[in-house]
Amino acid sequence: MGSAASTVPGGAVGVKDAGEARGAARTPVEPGRPAATRAWVTRLVVVGIVLAALNLRPAITSLGALLEEVRDGLGMSGTLAGLLTSVPPLCFALFGSQAPRLARRFGAGAVVCAGMAAIATGLLIRPFVGGTAGFLAATAFALMGIAVSNVLMPVIVKRWFPDRVGSMTGLYSMALALGTSLAAALTVPLTDALGGSWRTGLALWAVVAVVAVVPWLPLVRERGAEPAAPASAAPVSAAPASAAPASAARQEDPALRITHSRTAWALACFFGLQATAAYITMGWMPQIFRDAGVPAGEAGVLLAVTMAMGVPLAFVIPRVATRLPHQGPVVIVLGACGLAGYAGLYLAPAGGAWAWALLCGIANCAFPLALTLVGMRARSSAGVAKLSAFAQSTGYLISIPGPLLVGMLYQHSGGWGLPLALMAGLMVPQIAVGFLAGRDRTIEDEVAARAAA
């Protein structure tokens, strides 16, 4: 659901560092190259970014569409299925933090190329390795590739397109949302068309990842300046964004004790709770609809609709939020949509399926709002980098138990009443901490005030 010092257009870096972006626009990206060569390589980078973004979610949403078949085929309990849906944020927290270190040693292009290869390998072997343990290990391998790629993509955007961070981020966001939606919508129809085996249906998405390796091969030797330290320990879910300047990590103020800021803690909790809701939705929503009698193909399309809501709203919400003195009202509106969607899934899951999918999709757009708040709650690039690292790494750790608890409640209760009650219950503190994080103040001021007290 984040990335290295991520923001959405109009958020973090866009709000705080417009001057730096304008300055970067006057700096040639590859000053030592002939213009024709630079143009060719730049086009290749654009293709690589788009193809990479398309591959950052199908490993998750394709599995959600066929979760029932996977459970039956592997003899997996509801608790283990819940563990499976908790693997993405765990892998993002573990592997994403290593991406900047790997990039400094091997180059960002080489690491992204290896990440795409890991995704392809993991997706290809996971249906056929046999047993739940092998399936989990192969899934984790693919998610490792997603984690490092997701963290480094915004860095690549900033390096190659310093004057077009916003537009390239929009392109990247749309490609990610498109990949998410296509995997949710097409996995079941393609599986049926190819004989009905869930193993074939899941392995198909490895082909897209193989294609994504190709444009990165010539870029393996493109060793530009890499960030000196991770600006974020974990990537995201539904919409990525631009990176803070690479120099931000070098300029961090060691005196800024971010854990002394109440706003930082509120934002970290908000990030974690919205990520919890997003991963529960991606992992379990198709199963909720299928248990209510909705055909498997339609359930996958409903998940695709939910994920696709992030395409337009990822552009709208940050712009609305940055024009408000207090972002709490936006938090409340998104939370109310989530509560309404969960209530509908409990009362009439099949009858109003499309409405509930839309409402849950709107609620999931708390993610771009969280990234925007990261940029608004710090004064400097260094503060944004520290706040992003703290909020996202802490948040992804908070999100890990949620999908697992849903699986346990589903298995032991035999229905969706208790899991949906848990989801609704978590939305209440999400609204509360989001409202606190939306107050017009900065972490620097809070830390200074505490130090002076």
# chains A, B, ... in the order shown; residues from 1 in each chain; ligands from 1
$ select_by_dssp --residues "region 72-242 of chain A" --states "helix (DSSP H, G or I)" --output "PyMOL selection string"
chain A and resi 72-74+78-96+99-106+108-125+131-160+165-193+198-203+205-219
$ residues_around --residues "Ile443 (chain A)" --least-positions-apart "2" --cutoff "6 Å" --atoms "only C-alpha atoms" --output "number ranges by chain"
A: 261, 378, 445-446
$ write_last_selection --atoms "N, CA and C atoms" --output "mmCIF file, in the first residue's frame"
data_model
loop_
_atom_site.group_PDB
_atom_site.id
_atom_site.type_symbol
_atom_site.label_atom_id
_atom_site.label_comp_id
_atom_site.auth_asym_id
_atom_site.auth_seq_id
_atom_site.Cartn_x
_atom_site.Cartn_y
_atom_site.Cartn_z
ATOM 1 N N SER A 261 7.487 13.245 18.922
ATOM 2 C CA SER A 261 6.384 13.975 18.286
ATOM 3 C C SER A 261 5.100 13.148 18.330
ATOM 4 N N ALA A 378 6.055 18.095 8.147
ATOM 5 C CA ALA A 378 7.475 18.379 8.380
ATOM 6 C C ALA A 378 7.859 19.614 7.573
ATOM 7 N N ASP A 445 8.368 21.450 15.293
ATOM 8 C CA ASP A 445 7.850 22.305 16.351
ATOM 9 C C ASP A 445 7.530 21.486 17.612
ATOM 10 N N GLU A 446 6.949 20.317 17.416
ATOM 11 C CA GLU A 446 6.586 19.484 18.565
ATOM 12 C C GLU A 446 7.833 18.998 19.315
#
$ residues_around --residues "region 304-319 of chain A" --least-positions-apart "5" --cutoff "6 Å" --atoms "only C-alpha atoms" --output "PyMOL selection string"
chain A and resi 10-11+174+177+181+184-185+357-358+361+365+368-369+372
$ write_last_selection --atoms "N, CA, C and O atoms" --output "compact mmCIF listing (two decimals), in the first residue's frame"
# COMPACT_ATOMS: atom_id res chain seq x y z
N GLY A 10 1.67 16.58 -5.42
CA GLY A 10 1.04 17.57 -4.58
C GLY A 10 1.27 17.32 -3.12
O GLY A 10 0.92 18.11 -2.28
N GLY A 11 1.89 16.17 -2.77
CA GLY A 11 2.15 15.85 -1.38
C GLY A 11 3.59 16.11 -1.07
O GLY A 11 4.28 16.86 -1.70
N MET A 174 -0.71 5.27 -12.14
CA MET A 174 -1.75 4.67 -12.98
C MET A 174 -1.35 3.26 -13.42
O MET A 174 -2.19 2.36 -13.46
N ALA A 177 -1.87 0.93 -10.43
CA ALA A 177 -3.30 0.65 -10.21
C ALA A 177 -3.86 -0.23 -11.33
O ALA A 177 -4.70 -1.10 -11.08
N SER A 181 -5.59 -3.87 -10.80
CA SER A 181 -6.95 -4.14 -11.24
C SER A 181 -7.02 -5.27 -12.26
O SER A 181 -7.91 -6.12 -12.20
N ALA A 184 -6.71 -8.66 -10.65
CA ALA A 184 -7.93 -9.02 -9.94
C ALA A 184 -9.05 -9.42 -10.90
O ALA A 184 -9.80 -10.37 -10.64
N ALA A 185 -9.16 -8.69 -12.01
CA ALA A 185 -10.28 -8.91 -12.93
C ALA A 185 -10.07 -10.08 -13.88
O ALA A 185 -11.03 -10.78 -14.24
N ALA A 357 -18.14 -2.35 -3.16
CA ALA A 357 -16.80 -2.33 -3.76
C ALA A 357 -16.33 -0.88 -3.98
O ALA A 357 -15.17 -0.55 -3.71
N LEU A 358 -17.23 -0.03 -4.45
CA LEU A 358 -16.88 1.38 -4.67
C LEU A 358 -16.56 2.08 -3.35
O LEU A 358 -15.58 2.83 -3.25
N GLY A 361 -13.29 1.01 -2.05
CA GLY A 361 -12.24 1.60 -2.87
C GLY A 361 -11.94 3.03 -2.48
O GLY A 361 -10.78 3.46 -2.44
N CYS A 365 -8.33 4.86 -0.32
CA CYS A 365 -7.55 6.03 -0.74
C CYS A 365 -7.05 6.84 0.45
O CYS A 365 -6.54 7.96 0.27
N PRO A 368 -2.94 7.53 -0.28
CA PRO A 368 -2.33 8.77 -0.77
C PRO A 368 -2.49 9.93 0.20
O PRO A 368 -1.64 10.82 0.25
N LEU A 369 -3.57 9.93 0.99
CA LEU A 369 -3.71 10.97 2.01
C LEU A 369 -2.61 10.85 3.05
O LEU A 369 -2.02 11.86 3.47
N THR A 372 0.55 12.23 1.68
CA THR A 372 0.48 13.69 1.61
C THR A 372 0.74 14.30 2.98
O THR A 372 1.44 15.31 3.11
$ closest_atom_pairs --of "region 294-392 of chain A" --to "region 405-424 of chain A" --cutoff "12 Å" --atoms "only C-alpha atoms" --output "CSV"
residue,atom,partner,partner_atom,distance
A:Gly335,CA,A:Ala424,CA,9.4
A:Ala336,CA,A:Ala424,CA,10.0
A:Cys337,CA,A:Ala424,CA,10.8
A:Gly338,CA,A:Ala424,CA,7.7
A:Leu339,CA,A:Ala424,CA,5.8
A:Ala340,CA,A:Ala424,CA,9.0
A:Gly341,CA,A:Ala424,CA,9.2
A:Tyr342,CA,A:Leu420,CA,6.2
A:Ala343,CA,A:Leu420,CA,7.9
A:Gly344,CA,A:Leu420,CA,10.0
A:Leu345,CA,A:Leu420,CA,7.8
A:Tyr346,CA,A:Gly417,CA,6.4
A:Leu347,CA,A:Gly417,CA,9.4
A:Ala348,CA,A:Trp416,CA,11.8
A:Pro349,CA,A:Trp416,CA,10.2
A:Cys360,CA,A:Met423,CA,11.3
A:Ala363,CA,A:Ala424,CA,11.6
$ write_last_selection --atoms "N, CA and C atoms" --output "PDB file, in the first residue's frame"
ATOM      1  N   GLY A 335     -13.119   7.447   6.123  1.00  0.00           N
ATOM      2  CA  GLY A 335     -13.480   6.453   7.125  1.00  0.00           C
ATOM      3  C   GLY A 335     -14.959   6.114   7.090  1.00  0.00           C
ATOM      4  N   ALA A 336     -15.809   7.122   6.869  1.00  0.00           N
ATOM      5  CA  ALA A 336     -17.248   6.873   6.797  1.00  0.00           C
ATOM      6  C   ALA A 336     -17.581   5.980   5.601  1.00  0.00           C
ATOM      7  N   CYS A 337     -16.883   6.177   4.488  1.00  0.00           N
ATOM      8  CA  CYS A 337     -17.092   5.300   3.324  1.00  0.00           C
ATOM      9  C   CYS A 337     -16.715   3.866   3.658  1.00  0.00           C
ATOM     10  N   GLY A 338     -15.618   3.701   4.403  1.00  0.00           N
ATOM     11  CA  GLY A 338     -15.218   2.363   4.803  1.00  0.00           C
ATOM     12  C   GLY A 338     -16.238   1.698   5.707  1.00  0.00           C
ATOM     13  N   LEU A 339     -16.732   2.427   6.696  1.00  0.00           N
ATOM     14  CA  LEU A 339     -17.736   1.875   7.609  1.00  0.00           C
ATOM     15  C   LEU A 339     -19.011   1.504   6.856  1.00  0.00           C
ATOM     16  N   ALA A 340     -19.420   2.353   5.910  1.00  0.00           N
ATOM     17  CA  ALA A 340     -20.614   2.050   5.120  1.00  0.00           C
ATOM     18  C   ALA A 340     -20.398   0.810   4.256  1.00  0.00           C
ATOM     19  N   GLY A 341     -19.203   0.682   3.694  1.00  0.00           N
ATOM     20  CA  GLY A 341     -18.909  -0.488   2.875  1.00  0.00           C
ATOM     21  C   GLY A 341     -18.918  -1.771   3.680  1.00  0.00           C
ATOM     22  N   TYR A 342     -18.339  -1.747   4.896  1.00  0.00           N
ATOM     23  CA  TYR A 342     -18.325  -2.940   5.732  1.00  0.00           C
ATOM     24  C   TYR A 342     -19.741  -3.307   6.184  1.00  0.00           C
ATOM     25  N   ALA A 343     -20.540  -2.293   6.507  1.00  0.00           N
ATOM     26  CA  ALA A 343     -21.925  -2.562   6.900  1.00  0.00           C
ATOM     27  C   ALA A 343     -22.688  -3.214   5.754  1.00  0.00           C
ATOM     28  N   GLY A 344     -22.453  -2.728   4.543  1.00  0.00           N
ATOM     29  CA  GLY A 344     -23.114  -3.319   3.390  1.00  0.00           C
ATOM     30  C   GLY A 344     -22.668  -4.747   3.135  1.00  0.00           C
ATOM     31  N   LEU A 345     -21.374  -5.016   3.311  1.00  0.00           N
ATOM     32  CA  LEU A 345     -20.882  -6.382   3.127  1.00  0.00           C
ATOM     33  C   LEU A 345     -21.499  -7.344   4.138  1.00  0.00           C
ATOM     34  N   TYR A 346     -21.849  -6.848   5.299  1.00  0.00           N
ATOM     35  CA  TYR A 346     -22.483  -7.689   6.310  1.00  0.00           C
ATOM     36  C   TYR A 346     -23.977  -7.871   6.038  1.00  0.00           C
ATOM     37  N   LEU A 347     -24.667  -6.791   5.667  1.00  0.00           N
ATOM     38  CA  LEU A 347     -26.127  -6.839   5.538  1.00  0.00           C
ATOM     39  C   LEU A 347     -26.588  -7.404   4.197  1.00  0.00           C
ATOM     40  N   ALA A 348     -25.919  -7.046   3.111  1.00  0.00           N
ATOM     41  CA  ALA A 348     -26.363  -7.486   1.782  1.00  0.00           C
ATOM     42  C   ALA A 348     -25.163  -7.604   0.858  1.00  0.00           C
ATOM     43  N   PRO A 349     -24.254  -8.552   1.111  1.00  0.00           N
ATOM     44  CA  PRO A 349     -23.005  -8.612   0.348  1.00  0.00           C
ATOM     45  C   PRO A 349     -23.204  -8.817  -1.147  1.00  0.00           C
ATOM     46  N   CYS A 360     -15.550   0.752  -0.488  1.00  0.00           N
ATOM     47  CA  CYS A 360     -14.281   0.268   0.051  1.00  0.00           C
ATOM     48  C   CYS A 360     -13.100   0.811  -0.749  1.00  0.00           C
ATOM     49  N   ALA A 363     -12.473   4.272   0.533  1.00  0.00           N
ATOM     50  CA  ALA A 363     -11.827   4.194   1.846  1.00  0.00           C
ATOM     51  C   ALA A 363     -10.351   3.854   1.718  1.00  0.00           C
TER      52      ALA A 363
END
